[in-house]
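Here is the structure we will look at.
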Amino acid sequence: MGDIGWDRTVFTMIYPDAVARHLGIRVLDRIEAAGFEPVAWRVLWHRPADLDRFHERNISQVWQAYLYRLIDQVFAFGPTVALLMADRRPVAAQTCHQRLRIAKGPSAPSDSDAGTIRGDLGSVNRVLSLMHSSDSAQDSAAQSAVFAGPDGFGRGTDRDQLRTMLSMLQASRPREERGYLGVLAGLRARLLAVAWDDLGQSGRGEASAILDAGPMALVMSDSAERLAAYLPDAHPLAGLLRADFTPGAPGPDPHQARLTLAPFGIGLDEWECLVLATSRRCWPRRSHPHDFR
């Protein structure tokens with residue numbers, strides 16, 4: 001598709017976290033409601049070979065060296081849908097890239113307000129951010145080449161088939177309803193269950209009182225720190241219990257945490273690993289439409 005008018009076409013991706021949460025179609029609906037129409041699309045089943053070139057500016061100017069490898073984990077988690085979205089609204093002062101950037105909202109959850117795609121659908125953090133859209137015509141052309149290769153997307157698309165594909169991708173796995181708080185509460189509940197005998201009578205009593213207030217209590221205030229204090233010195237699970245897996249208290253890498261948990265017969269699933277790994281580096285949204293409902 002060498003004749004693409006990039007000043008009216010935005011390279012866009014619906015990320016694996018959106019698909020896992022069964023939000024892919026809703027993301028597409030919101031993009032279309034903003035005045036855009038898909039003119040080409042393809043499913044990316046694997047990490048693009050030239051992914052580093054896609055993130056070249058972030059790698060060299062924004063991110064610390066280790067951070068962009070989190071993107072590898074995102075693409076390894078599941079399929080991504082790449083799209084070319086054509087602007088169907090009249091030419092205005094704002095470019096199509098600017099309009100879609102405003103519609104999707106900032107990548108940081110603390111900045112993505114209600115009314116934006118990320119704000120309304122609840123992105124987890126700046127890495128698990130539901131979607132991507134290029135910032136300029138130049139970026140769209142370059143990023144499309146990275147993800148679609150030298151031959152591009154091919155000509156044309158069937159919008160119904162795109163929605164069918166998104167439906168199939170979403171139906172291929174149970175809907176993931178846990179946000180950051182849900183993941184953290186689940187981990188802490190498992191840690192307390194495994195360490196129950198080691199908490200002692202006083203610790204078990206406090207754990208029971210905390211849980212009486214509901215799962216949310218496990219991730220609020222200093223509850224984890226108080227409970228960890230009941231464990232014997234150097235208990236292998238104490239550090240995991242204290243960690244909230246944010247930049248403020250990152251704890252161990254989730255893959256290392258898996259090794260710690262394995263002798264106790266528990267672990268972390270792939271979604272938990274992804275949410276915790278990305279939230280250790282990027283502050284997560286501390287609310288989610290399905291957590292603790």
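In the structure tokens, chains take letters A, B, ... by order of appearance, with residues numbered from 1 within each chain and ligands from 1 in the order shown.
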
Segment 220-240 of chain A residues near segment 190-203 of chain A within 9 Å, closest pair each, using only C-alpha atoms, as a tab-separated table:
```
residue	atom	partner	partner_atom	distance
A:Arg226	CA	A:Gly203	CA	8.7
A:Leu227	CA	A:Gly203	CA	6.3
A:Ala228	CA	A:Leu199	CA	8.2
A:Ala229	CA	A:Gly203	CA	8.5
A:Tyr230	CA	A:Leu199	CA	5.3
A:Leu231	CA	A:Leu199	CA	5.2
A:Pro232	CA	A:Asp198	CA	7.2
A:His235	CA	A:Asp198	CA	8.9
A:Leu237	CA	A:Leu191	CA	7.0
A:Ala238	CA	A:Leu191	CA	8.8
A:Leu240	CA	A:Leu191	CA	8.1
```

Written selection (N, CA and C atoms) as a PDB file, in the first residue's frame:
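Here's the written file part-v5.pdb:
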```pdb
ATOM      1  N   ARG A 226       2.168  -5.262  58.291  1.00  0.00           N
ATOM      2  CA  ARG A 226       1.795  -5.740  59.630  1.00  0.00           C
ATOM      3  C   ARG A 226       1.774  -7.254  59.678  1.00  0.00           C
ATOM      4  N   LEU A 227       1.246  -7.878  58.656  1.00  0.00           N
ATOM      5  CA  LEU A 227       1.175  -9.334  58.640  1.00  0.00           C
ATOM      6  C   LEU A 227       2.557  -9.963  58.467  1.00  0.00           C
ATOM      7  N   ALA A 228       3.399  -9.358  57.628  1.00  0.00           N
ATOM      8  CA  ALA A 228       4.749  -9.893  57.431  1.00  0.00           C
ATOM      9  C   ALA A 228       5.540  -9.864  58.729  1.00  0.00           C
ATOM     10  N   ALA A 229       5.226  -8.903  59.605  1.00  0.00           N
ATOM     11  CA  ALA A 229       5.955  -8.799  60.873  1.00  0.00           C
ATOM     12  C   ALA A 229       5.702  -9.997  61.780  1.00  0.00           C
ATOM     13  N   TYR A 230       4.643 -10.742  61.547  1.00  0.00           N
ATOM     14  CA  TYR A 230       4.354 -11.923  62.359  1.00  0.00           C
ATOM     15  C   TYR A 230       5.139 -13.152  61.899  1.00  0.00           C
ATOM     16  N   LEU A 231       5.740 -13.068  60.722  1.00  0.00           N
ATOM     17  CA  LEU A 231       6.507 -14.204  60.228  1.00  0.00           C
ATOM     18  C   LEU A 231       7.871 -14.240  60.889  1.00  0.00           C
ATOM     19  N   PRO A 232       8.452 -15.416  61.041  1.00  0.00           N
ATOM     20  CA  PRO A 232       9.798 -15.515  61.623  1.00  0.00           C
ATOM     21  C   PRO A 232      10.809 -14.730  60.801  1.00  0.00           C
ATOM     22  N   HIS A 235      11.998 -15.273  56.913  1.00  0.00           N
ATOM     23  CA  HIS A 235      11.036 -16.168  56.268  1.00  0.00           C
ATOM     24  C   HIS A 235      11.069 -15.899  54.755  1.00  0.00           C
ATOM     25  N   LEU A 237       8.961 -15.933  52.468  1.00  0.00           N
ATOM     26  CA  LEU A 237       7.815 -15.273  51.859  1.00  0.00           C
ATOM     27  C   LEU A 237       7.598 -13.852  52.381  1.00  0.00           C
ATOM     28  N   ALA A 238       8.347 -13.438  53.399  1.00  0.00           N
ATOM     29  CA  ALA A 238       8.110 -12.129  54.001  1.00  0.00           C
ATOM     30  C   ALA A 238       8.338 -10.992  53.005  1.00  0.00           C
ATOM     31  N   LEU A 240       8.127 -11.063  49.758  1.00  0.00           N
ATOM     32  CA  LEU A 240       7.058 -11.042  48.762  1.00  0.00           C
ATOM     33  C   LEU A 240       5.785 -10.439  49.337  1.00  0.00           C
TER      34      LEU A 240
END
```

Which residues, written as a PyMOL selection string, have at least one atom at most 12 Å from Asp113 of chain A, with only C-alpha atoms counted and residues fewer than 5 positions away on the same chain left out?
chain A and resi 102-108+118-123+285

How would the residues just picked look written out with N, CA and C atoms as a PDB file, in the first residue's frame?
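Generated file (selection_2.pdb):
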```
ATOM      1  N   ILE A 102      -5.471  12.331  21.460  1.00  0.00           N
ATOM      2  CA  ILE A 102      -6.341  12.899  22.488  1.00  0.00           C
ATOM      3  C   ILE A 102      -7.440  11.898  22.852  1.00  0.00           C
ATOM      4  N   ALA A 103      -7.994  11.215  21.851  1.00  0.00           N
ATOM      5  CA  ALA A 103      -9.074  10.262  22.106  1.00  0.00           C
ATOM      6  C   ALA A 103      -8.608   9.084  22.958  1.00  0.00           C
ATOM      7  N   LYS A 104      -7.404   8.612  22.736  1.00  0.00           N
ATOM      8  CA  LYS A 104      -6.929   7.449  23.500  1.00  0.00           C
ATOM      9  C   LYS A 104      -6.514   7.837  24.910  1.00  0.00           C
ATOM     10  N   GLY A 105      -6.027   9.064  25.119  1.00  0.00           N
ATOM     11  CA  GLY A 105      -5.581   9.495  26.435  1.00  0.00           C
ATOM     12  C   GLY A 105      -4.118   9.168  26.661  1.00  0.00           C
ATOM     13  N   PRO A 106      -3.486   9.820  27.654  1.00  0.00           N
ATOM     14  CA  PRO A 106      -2.076   9.576  27.956  1.00  0.00           C
ATOM     15  C   PRO A 106      -1.833   8.135  28.398  1.00  0.00           C
ATOM     16  N   SER A 107      -0.586   7.698  28.259  1.00  0.00           N
ATOM     17  CA  SER A 107      -0.243   6.323  28.631  1.00  0.00           C
ATOM     18  C   SER A 107      -0.210   6.119  30.137  1.00  0.00           C
ATOM     19  N   ALA A 108       0.133   7.155  30.899  1.00  0.00           N
ATOM     20  CA  ALA A 108       0.156   7.029  32.359  1.00  0.00           C
ATOM     21  C   ALA A 108      -1.270   7.053  32.893  1.00  0.00           C
ATOM     22  N   ARG A 118      -8.356   5.086  27.301  1.00  0.00           N
ATOM     23  CA  ARG A 118      -7.620   4.481  28.409  1.00  0.00           C
ATOM     24  C   ARG A 118      -8.252   4.805  29.750  1.00  0.00           C
ATOM     25  N   GLY A 119      -8.802   5.999  29.894  1.00  0.00           N
ATOM     26  CA  GLY A 119      -9.441   6.364  31.145  1.00  0.00           C
ATOM     27  C   GLY A 119     -10.730   5.600  31.380  1.00  0.00           C
ATOM     28  N   ASP A 120     -11.564   5.477  30.351  1.00  0.00           N
ATOM     29  CA  ASP A 120     -12.858   4.827  30.507  1.00  0.00           C
ATOM     30  C   ASP A 120     -12.741   3.304  30.599  1.00  0.00           C
ATOM     31  N   LEU A 121     -11.827   2.715  29.838  1.00  0.00           N
ATOM     32  CA  LEU A 121     -11.690   1.256  29.841  1.00  0.00           C
ATOM     33  C   LEU A 121     -10.683   0.772  30.875  1.00  0.00           C
ATOM     34  N   GLY A 122      -9.911   1.674  31.448  1.00  0.00           N
ATOM     35  CA  GLY A 122      -9.049   1.312  32.562  1.00  0.00           C
ATOM     36  C   GLY A 122      -7.758   0.624  32.175  1.00  0.00           C
ATOM     37  N   SER A 123      -6.836   1.351  31.540  1.00  0.00           N
ATOM     38  CA  SER A 123      -5.513   0.769  31.282  1.00  0.00           C
ATOM     39  C   SER A 123      -4.848   0.410  32.607  1.00  0.00           C
ATOM     40  N   ARG A 285      -2.582   1.762  37.648  1.00  0.00           N
ATOM     41  CA  ARG A 285      -3.876   2.309  38.040  1.00  0.00           C
ATOM     42  C   ARG A 285      -4.335   1.569  39.296  1.00  0.00           C
TER      43      ARG A 285
END
```

Just list as a ChimeraX atom specification whatever in segment 5-119 of chain A DSSP marks as strand (DSSP E or B).
/A:9-14,36-44,80-87

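Going from atom CA of Phe264 of chain A to atom CA of Glu206 of chain A covers 22.3 Å.
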
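Neighbouring residues of Glu272 of chain A at 7 Å or closer, counting only C-alpha atoms and skipping chain neighbours under 4 positions away, are Val183, Leu268 and Leu276 of chain A.
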
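Surrounding segment 168-171 of chain A within 7 Å are A:Val19, A:Ala20, A:His22, A:Thr164, A:Met165, A:Pro174, with only C-alpha atoms counted and residues fewer than 3 positions along the same chain left out.
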
Filtering to C-alpha atoms, could you give me those residues as a short mmCIF file (atom, residue, chain, number, x, y, z; two decimals), in the first residue's frame?
```cif
data_model
loop_
_atom_site.label_atom_id
_atom_site.label_comp_id
_atom_site.auth_asym_id
_atom_site.auth_seq_id
_atom_site.Cartn_x
_atom_site.Cartn_y
_atom_site.Cartn_z
CA VAL A 19 -7.55 -8.72 23.80
CA ALA A 20 -7.03 -10.67 27.05
CA HIS A 22 -12.01 -8.79 25.93
CA THR A 164 -14.97 -11.49 13.70
CA MET A 165 -11.23 -11.90 14.19
CA PRO A 174 -11.36 -16.56 29.45
#
```

Pick out the residues sitting within 7 Å of segment 23-27 of chain A, and hand them over as a list in words; count only C-alpha atoms, and ignore anything fewer than 3 positions along from it in its own chain.
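Surrounding residues, per the criterion: Ile14, Ala18, Val19, Arg30, Ile31, Ile117, Arg163 and Leu166 of chain A.
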
Work out how far atom CA of Ala82 of chain A is from atom CA of Tyr15 of chain A, in Å to one decimal.
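It comes out at 8.6 Å.
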
Residues within 8 Å of segment 43-48 of chain A, please, as a PyMOL selection string. Count only C-alpha atoms; anything in the same chain fewer than 2 positions from it doesn't count.
chain A and resi 41+50-51+72+75-76+78-82+146-147
